[in-house]
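Next comes model.txt, with compact mmCIF, C-alpha atoms and all ligand atoms.
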# COMPACT_ATOMS: atom_id res chain seq x y z
CA ASN A 1 -5.67 -11.96 -147.62
CA LYS A 2 -5.28 -12.95 -151.25
CA GLN A 3 -8.12 -15.15 -152.49
CA LEU A 4 -5.94 -18.06 -153.67
CA GLU A 5 -3.53 -17.98 -150.72
CA ASN A 6 -2.09 -21.47 -149.98
CA GLN A 7 -3.56 -22.92 -153.17
CA VAL A 8 -1.59 -24.73 -155.85
CA ALA A 9 -2.34 -24.45 -159.57
CA LEU A 10 -0.92 -26.35 -162.55
CA VAL A 11 -1.04 -24.45 -165.86
CA THR A 12 -0.23 -26.07 -169.22
CA GLY A 13 1.07 -23.91 -172.04
CA ALA A 14 2.31 -21.52 -169.34
CA GLY A 15 5.19 -20.26 -171.47
CA SER A 16 3.17 -18.02 -173.74
CA GLY A 17 -0.09 -16.22 -174.45
CA ILE A 18 -3.19 -17.16 -172.44
CA GLY A 19 -1.40 -19.71 -170.23
CA ARG A 20 1.30 -17.25 -169.28
CA ALA A 21 -1.18 -14.47 -168.51
CA ALA A 22 -3.29 -16.87 -166.42
CA ALA A 23 -0.26 -18.18 -164.50
CA LEU A 24 0.69 -14.61 -163.59
CA LYS A 25 -2.89 -13.71 -162.63
CA LEU A 26 -3.30 -16.75 -160.37
CA ALA A 27 0.10 -16.08 -158.78
CA GLN A 28 -0.82 -12.42 -158.21
CA ASN A 29 -3.78 -13.72 -156.25
CA GLY A 30 -1.65 -15.89 -154.02
CA ALA A 31 -1.44 -19.28 -155.74
CA LYS A 32 1.76 -21.24 -156.24
CA ILE A 33 2.07 -22.27 -159.88
CA ALA A 34 3.41 -25.37 -161.63
CA LEU A 35 4.39 -24.06 -165.07
CA VAL A 36 4.15 -26.72 -167.79
CA ASP A 37 5.37 -26.09 -171.33
CA LEU A 38 7.41 -27.55 -174.15
CA HIS A 39 9.69 -24.51 -173.92
CA LYS A 40 11.67 -24.48 -170.69
CA ASP A 41 13.24 -21.06 -171.28
CA HIS A 42 9.81 -19.43 -171.65
CA VAL A 43 8.52 -20.81 -168.35
CA GLU A 44 11.77 -19.89 -166.60
CA GLU A 45 10.89 -16.25 -167.40
CA VAL A 46 7.40 -16.70 -165.99
CA LYS A 47 8.79 -18.27 -162.82
CA THR A 48 11.03 -15.23 -162.32
CA GLN A 49 8.06 -12.89 -162.73
CA ILE A 50 6.07 -14.95 -160.22
CA GLU A 51 8.88 -14.79 -157.69
CA GLU A 52 9.05 -11.03 -158.12
CA MET A 53 5.38 -10.96 -157.06
CA GLY A 54 6.27 -12.83 -153.89
CA SER A 55 4.81 -16.20 -154.89
CA GLU A 56 6.42 -19.45 -156.04
CA GLY A 57 6.71 -21.18 -159.41
CA LEU A 58 7.89 -24.62 -160.52
CA VAL A 59 9.29 -25.12 -164.02
CA LEU A 60 8.08 -28.34 -165.68
CA GLU A 61 9.30 -29.00 -169.20
CA ALA A 62 6.89 -31.53 -170.70
CA ASN A 63 4.88 -32.49 -173.74
CA VAL A 64 1.29 -32.79 -172.49
CA ALA A 65 0.41 -35.15 -175.34
CA HIS A 66 2.53 -37.84 -173.61
CA PRO A 67 0.88 -39.66 -170.67
CA GLU A 68 4.01 -40.39 -168.65
CA GLU A 69 5.17 -36.77 -168.91
CA VAL A 70 1.82 -35.43 -167.69
CA GLU A 71 1.77 -37.89 -164.79
CA ALA A 72 5.30 -36.83 -163.81
CA CYS A 73 4.26 -33.14 -163.78
CA TYR A 74 1.64 -33.85 -161.13
CA GLN A 75 4.02 -36.02 -159.09
CA LYS A 76 6.61 -33.24 -159.02
CA THR A 77 4.01 -30.57 -158.19
CA VAL A 78 2.62 -32.48 -155.24
CA LYS A 79 6.10 -33.44 -154.06
CA GLN A 80 6.98 -29.74 -154.00
CA TRP A 81 3.86 -28.30 -152.35
CA ASP A 82 1.91 -31.29 -151.08
CA ARG A 83 -1.40 -30.30 -152.66
CA LEU A 84 -3.25 -29.41 -155.85
CA ASP A 85 -6.32 -27.18 -156.20
CA ILE A 86 -6.50 -25.71 -159.69
CA VAL A 87 -5.71 -27.10 -163.15
CA PHE A 88 -5.69 -24.96 -166.28
CA ALA A 89 -5.63 -27.37 -169.27
CA ASN A 90 -4.73 -24.79 -171.85
CA ALA A 91 -1.78 -25.88 -174.03
CA GLY A 92 -2.64 -26.10 -177.68
CA ILE A 93 -1.51 -25.59 -181.24
CA ASN A 94 -3.24 -24.47 -184.40
CA GLY A 95 -1.57 -27.26 -186.36
CA GLU A 96 -1.38 -27.30 -190.13
CA VAL A 97 -3.81 -24.86 -191.70
CA THR A 98 -4.63 -26.95 -194.75
CA PRO A 99 -7.77 -27.89 -196.66
CA ILE A 100 -9.05 -31.39 -195.80
CA GLU A 101 -8.18 -32.65 -199.26
CA ASP A 102 -4.49 -31.93 -198.67
CA LEU A 103 -4.28 -32.56 -194.93
CA GLU A 104 -1.90 -35.42 -194.17
CA PRO A 105 -3.22 -37.97 -191.64
CA LYS A 106 -0.10 -37.45 -189.50
CA ASP A 107 -0.84 -33.71 -189.30
CA TRP A 108 -4.46 -34.43 -188.31
CA GLU A 109 -3.15 -36.77 -185.55
CA LEU A 110 -0.69 -34.16 -184.32
CA THR A 111 -3.38 -31.52 -183.82
CA ILE A 112 -5.78 -33.97 -182.17
CA SER A 113 -3.13 -35.33 -179.80
CA ASN A 114 -1.75 -31.90 -178.87
CA ASN A 115 -5.14 -30.32 -178.23
CA LEU A 116 -7.62 -33.06 -177.35
CA THR A 117 -5.72 -36.10 -176.05
CA SER A 118 -3.58 -33.70 -174.01
CA THR A 119 -6.75 -32.37 -172.35
CA PHE A 120 -7.85 -35.89 -171.43
CA LEU A 121 -4.40 -36.63 -169.97
CA THR A 122 -4.21 -33.34 -168.06
CA VAL A 123 -7.59 -34.00 -166.45
CA LYS A 124 -7.08 -37.75 -165.88
CA TYR A 125 -3.79 -37.51 -164.03
CA ALA A 126 -5.04 -34.62 -161.86
CA ILE A 127 -7.93 -36.61 -160.39
CA PRO A 128 -6.04 -38.59 -157.70
CA TYR A 129 -4.73 -35.32 -156.25
CA LEU A 130 -7.84 -33.13 -156.63
CA LYS A 131 -10.06 -35.82 -155.12
CA THR A 132 -8.77 -35.07 -151.62
CA ASN A 133 -10.05 -31.50 -151.28
CA GLY A 134 -12.04 -30.88 -154.46
CA GLY A 135 -10.83 -28.35 -156.98
CA SER A 136 -11.36 -26.46 -160.20
CA ILE A 137 -10.35 -27.49 -163.71
CA ILE A 138 -10.55 -25.02 -166.58
CA ILE A 139 -10.17 -26.15 -170.20
CA THR A 140 -9.32 -23.80 -173.06
CA SER A 141 -11.46 -24.64 -176.06
CA SER A 142 -12.39 -21.98 -178.64
CA ILE A 143 -15.34 -20.37 -180.40
CA ASN A 144 -13.87 -22.11 -183.45
CA GLY A 145 -15.66 -25.39 -183.93
CA ASN A 146 -18.25 -24.60 -181.26
CA ARG A 147 -19.95 -21.44 -182.51
CA ILE A 148 -18.22 -20.38 -185.67
CA PHE A 149 -17.04 -22.29 -188.70
CA LYS A 150 -15.35 -19.61 -190.74
CA ASN A 151 -11.70 -20.62 -190.64
CA PHE A 152 -10.81 -22.50 -193.79
CA GLY A 153 -8.15 -25.16 -193.39
CA MET A 154 -8.70 -25.65 -189.66
CA SER A 155 -10.80 -28.83 -189.62
CA ALA A 156 -8.49 -30.72 -187.23
CA TYR A 157 -8.29 -27.71 -184.89
CA SER A 158 -12.08 -27.24 -184.86
CA THR A 159 -12.60 -30.95 -184.22
CA SER A 160 -10.18 -30.88 -181.30
CA LYS A 161 -11.86 -27.80 -179.83
CA ILE A 162 -15.41 -29.18 -179.99
CA GLY A 163 -14.01 -32.45 -178.64
CA GLN A 164 -12.66 -30.60 -175.60
CA MET A 165 -16.14 -29.22 -175.03
CA GLY A 166 -17.74 -32.68 -174.96
CA PHE A 167 -14.98 -34.11 -172.83
CA GLY A 168 -15.14 -31.20 -170.37
CA LYS A 169 -18.86 -31.69 -169.84
CA MET A 170 -18.50 -35.43 -169.27
CA ALA A 171 -15.67 -34.73 -166.83
CA ALA A 172 -17.85 -32.20 -164.96
CA LEU A 173 -20.55 -34.85 -164.61
CA GLU A 174 -18.19 -37.61 -163.44
CA LEU A 175 -16.11 -35.46 -161.09
CA ALA A 176 -18.95 -33.61 -159.36
CA GLN A 177 -18.99 -36.40 -156.75
CA TYR A 178 -15.52 -35.26 -155.66
CA HIS A 179 -16.42 -31.55 -155.69
CA ILE A 180 -14.15 -31.07 -158.67
CA ARG A 181 -15.61 -28.43 -160.98
CA VAL A 182 -14.80 -28.48 -164.69
CA ASN A 183 -15.52 -25.53 -166.98
CA ILE A 184 -14.68 -24.78 -170.57
CA ILE A 185 -13.65 -21.37 -171.85
CA CYS A 186 -14.09 -20.44 -175.50
CA PRO A 187 -12.00 -17.47 -176.55
CA GLY A 188 -12.42 -15.65 -179.83
CA ALA A 189 -9.32 -14.21 -181.46
CA ILE A 190 -6.83 -13.31 -178.75
CA GLU A 191 -3.54 -11.56 -179.40
CA THR A 192 -0.94 -14.27 -178.73
CA ASN A 193 1.79 -16.06 -180.65
CA ILE A 194 -0.65 -18.75 -181.81
CA SER A 195 -2.78 -16.25 -183.72
CA GLU A 196 0.22 -14.58 -185.31
CA ASN A 197 1.25 -17.93 -186.67
CA THR A 198 -2.24 -18.58 -187.99
CA TRP A 199 -2.44 -15.26 -189.71
CA LYS A 200 0.85 -16.02 -191.41
CA GLU A 201 -0.53 -19.40 -192.47
CA LYS A 202 -3.60 -17.67 -193.85
CA GLU A 203 -1.42 -15.45 -196.02
CA LYS A 204 -0.20 -18.69 -197.55
CA LEU A 205 -3.77 -19.90 -198.07
CA LYS A 206 -4.72 -16.62 -199.72
CA LYS A 207 -2.35 -17.49 -202.52
CA VAL A 208 -4.41 -20.58 -203.25
CA GLU A 209 -7.54 -18.42 -203.30
CA ILE A 210 -9.36 -19.62 -200.25
CA PRO A 211 -11.48 -16.90 -198.61
CA VAL A 212 -9.77 -15.45 -195.55
CA VAL A 213 -11.35 -13.92 -192.49
CA TYR A 214 -9.09 -11.80 -190.32
CA PRO A 215 -10.48 -11.80 -186.85
CA GLU A 216 -8.94 -8.55 -185.55
CA GLY A 217 -11.62 -6.34 -187.02
CA ASN A 218 -14.36 -8.84 -186.30
CA GLN A 219 -15.02 -8.18 -182.63
CA PRO A 220 -17.94 -5.74 -182.26
CA LEU A 221 -17.14 -4.89 -178.63
CA GLU A 222 -13.65 -3.42 -178.97
CA HIS A 223 -12.85 -3.70 -182.68
CA ARG A 224 -9.69 -5.61 -181.93
CA ALA A 225 -8.60 -9.07 -180.86
CA GLY A 226 -8.92 -9.79 -177.14
CA LYS A 227 -5.96 -9.67 -174.80
CA ALA A 228 -4.58 -12.66 -172.92
CA GLU A 229 -4.99 -10.70 -169.65
CA GLN A 230 -8.74 -10.46 -170.31
CA VAL A 231 -8.93 -14.24 -170.60
CA ALA A 232 -6.81 -14.55 -167.44
CA ASP A 233 -9.50 -12.63 -165.49
CA LEU A 234 -12.03 -15.28 -166.51
CA VAL A 235 -9.65 -18.08 -165.51
CA LEU A 236 -9.21 -16.47 -162.08
CA PHE A 237 -12.99 -16.27 -161.63
CA LEU A 238 -13.45 -19.94 -162.56
CA ALA A 239 -10.52 -21.01 -160.37
CA SER A 240 -11.81 -19.15 -157.32
CA SER A 241 -14.68 -19.81 -154.92
CA GLN A 242 -16.57 -16.94 -156.60
CA SER A 243 -17.70 -19.55 -159.14
CA SER A 244 -18.43 -22.29 -156.58
CA HIS A 245 -21.77 -23.30 -158.19
CA ILE A 246 -20.53 -23.23 -161.79
CA THR A 247 -19.51 -26.52 -163.38
CA GLY A 248 -19.91 -28.06 -166.82
CA SER A 249 -20.37 -24.59 -168.29
CA GLU A 250 -18.94 -23.19 -171.45
CA ILE A 251 -18.13 -19.50 -171.35
CA PHE A 252 -17.53 -17.54 -174.53
CA ILE A 253 -15.04 -14.69 -174.30
CA ASP A 254 -14.93 -13.10 -177.71
CA GLY A 255 -16.23 -9.52 -177.75
CA ALA A 256 -19.28 -10.85 -179.67
CA GLU A 257 -17.12 -12.16 -182.53
CA SER A 258 -19.16 -15.36 -182.71
CA LEU A 259 -22.44 -13.46 -183.10
CA LEU A 260 -21.53 -11.99 -186.47
P1 LIG B 1 0.48 -19.64 -177.60
O1 LIG B 1 1.09 -20.29 -178.77
O2 LIG B 1 0.82 -18.22 -177.30
O3 LIG B 1 0.74 -20.51 -176.28
C1 LIG B 1 0.54 -21.89 -176.25
C2 LIG B 1 1.61 -22.53 -175.39
O4 LIG B 1 1.33 -23.93 -175.29
C3 LIG B 1 3.03 -22.40 -175.97
O5 LIG B 1 3.91 -21.92 -174.99
C4 LIG B 1 3.37 -23.83 -176.38
O6 LIG B 1 4.77 -24.12 -176.23
C5 LIG B 1 2.54 -24.64 -175.42
N1 LIG B 1 2.26 -25.99 -175.92
C6 LIG B 1 1.70 -26.32 -177.12
N2 LIG B 1 1.62 -27.66 -177.23
C7 LIG B 1 2.14 -28.19 -176.10
C8 LIG B 1 2.36 -29.50 -175.64
N3 LIG B 1 2.01 -30.56 -176.38
N4 LIG B 1 2.92 -29.67 -174.42
C9 LIG B 1 3.28 -28.62 -173.67
N5 LIG B 1 3.11 -27.34 -174.05
C10 LIG B 1 2.55 -27.13 -175.27
O7 LIG B 1 -1.10 -19.79 -177.82
P2 LIG B 1 -2.38 -19.26 -177.02
O8 LIG B 1 -3.16 -18.45 -177.98
O9 LIG B 1 -2.05 -18.71 -175.70
O10 LIG B 1 -3.14 -20.64 -176.88
C11 LIG B 1 -3.57 -21.21 -175.66
C12 LIG B 1 -4.87 -21.96 -175.88
O11 LIG B 1 -5.87 -21.03 -176.29
C13 LIG B 1 -4.82 -23.01 -176.98
O12 LIG B 1 -5.50 -24.17 -176.54
C14 LIG B 1 -5.57 -22.36 -178.13
O13 LIG B 1 -6.17 -23.29 -178.98
C15 LIG B 1 -6.59 -21.54 -177.37
N6 LIG B 1 -7.20 -20.45 -178.14
C16 LIG B 1 -6.45 -19.42 -178.58
C17 LIG B 1 -7.07 -18.39 -179.31
C18 LIG B 1 -6.28 -17.23 -179.85
O14 LIG B 1 -6.81 -16.49 -180.69
N7 LIG B 1 -5.07 -17.01 -179.41
C19 LIG B 1 -8.43 -18.44 -179.56
C20 LIG B 1 -9.18 -19.50 -179.07
C21 LIG B 1 -8.55 -20.51 -178.35
Hey, can you dump this file as structure tokens for me?
Amino acid sequence: NKQLENQVALVTGAGSGIGRAAALKLAQNGAKIALVDLHKDHVEEVKTQIEEMGSEGLVLEANVAHPEEVEACYQKTVKQWDRLDIVFANAGINGEVTPIEDLEPKDWELTISNNLTSTFLTVKYAIPYLKTNGGSIIITSSINGNRIFKNFGMSAYSTSKIGQMGFGKMAALELAQYHIRVNIICPGAIETNISENTWKEKEKLKKVEIPVVYPEGNQPLEHRAGKAEQVADLVLFLASSQSSHITGSEIFIDGAESLL
């Protein structure tokens, strides 16, 4: 028997990178997956891959920074499968990589709402459904803003990521009464589309002579950025009953990048 047989997971940012890898990993282990992303065509591909594995997927095109869209995702998921067990609040953007002096307030707001408010909404609207049987919520934060402060121009991103950490811990405390666990994962540099975009942005910053740190070479364990599949293994562990006594924890997954 697969360990997540009969369970239902909702994954945000499931169209790419860490979310996609986690959706596939959870499905491989028997879960049915609600696939939430801004990009419908990307999650359609993931759904097809899930079906090829013999599980089921549900495509949900939504912006998780908008309350009514998040609420609708849960309604559709529960309508389809009549339960919810696992939530991976993972969608996020790097936002504008710009020094504070030049950062427009609207760009600050965009990063905070996409990364932090979205996490609040994804947790909030899951509670009515998870309350019934308990469950596991996993939030993707970052080492950035929690352990390291080396990325110039990413003040809004760092603020959103440390905000997710505080929110996740408060949620773990409040939701323990319902046997809902909440844990926060903090990846270092992981090879996904988000990091490619950032590295491009950093090329731009280089021209204005701001020191640049390229994370690929900065991971002592493997001398490369991590892979989304490696993060997916951690998500599976936190989603499953193997982590039944772990809640309110932050777990760093960075090949020791943050220790340098
Ligand atoms: P990615 O760009 O490959 O995937 C992110 C996905 O989220 C995309 O498919 C995007 O469409 C979706 N998304 C973004 N905003 C959304 C919104 N408002 N509503 C719905 N979907 C939305 O990036 P990734 O690297 O897989 O990032 C996933 C998470 O991991 C993010 O929270 C990111 O901050 C975090 N993270 C990434 C790294 C890294 O190096 N890649 C490191 C630390 C933390």
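Residue nearest A:Val97, chosen from A:Gln164, A:Thr159, A:Gln242, A:Asn151 and counting all atoms listed in the file: A:Asn151.
Of the listed residues A:Gln7, A:Ser155, A:Ser160, A:Thr132, the one whose atoms come nearest to ligand LIG 1 (chain B) is A:Ser160, with distances taken using all atoms listed in the file.
Checking A:Arg224, A:Lys79, A:Lys47, A:Lys169 one by one against A:Gly15, counting only C-alpha atoms, you find the shortest gap at A:Lys47.
Among the candidate residues A:Ala34, A:Ile190, A:Trp81, A:Tyr129, the one lying nearest to A:Glu229 is A:Ile190, with distances computed using only C-alpha atoms.
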Exercise. Could you state the separation of atom CA of A:Phe237 and atom CA of A:Leu26 in Å, given to one decimal place?
Worked result: 9.8 Å
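From atom CA of A:Tyr178 back to atom N2 of ligand LIG 1 (chain B), the distance works out to 28.6 Å.
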Exercise. Got a sec to check which residues lie within 7 Å of ligand LIG 1 (chain B), using all atoms listed in the file, and send them as a ChimeraX atom specification?
Worked result: /A:12-19,36-39,62-65,90-94,114-115,118,140-144,186-195
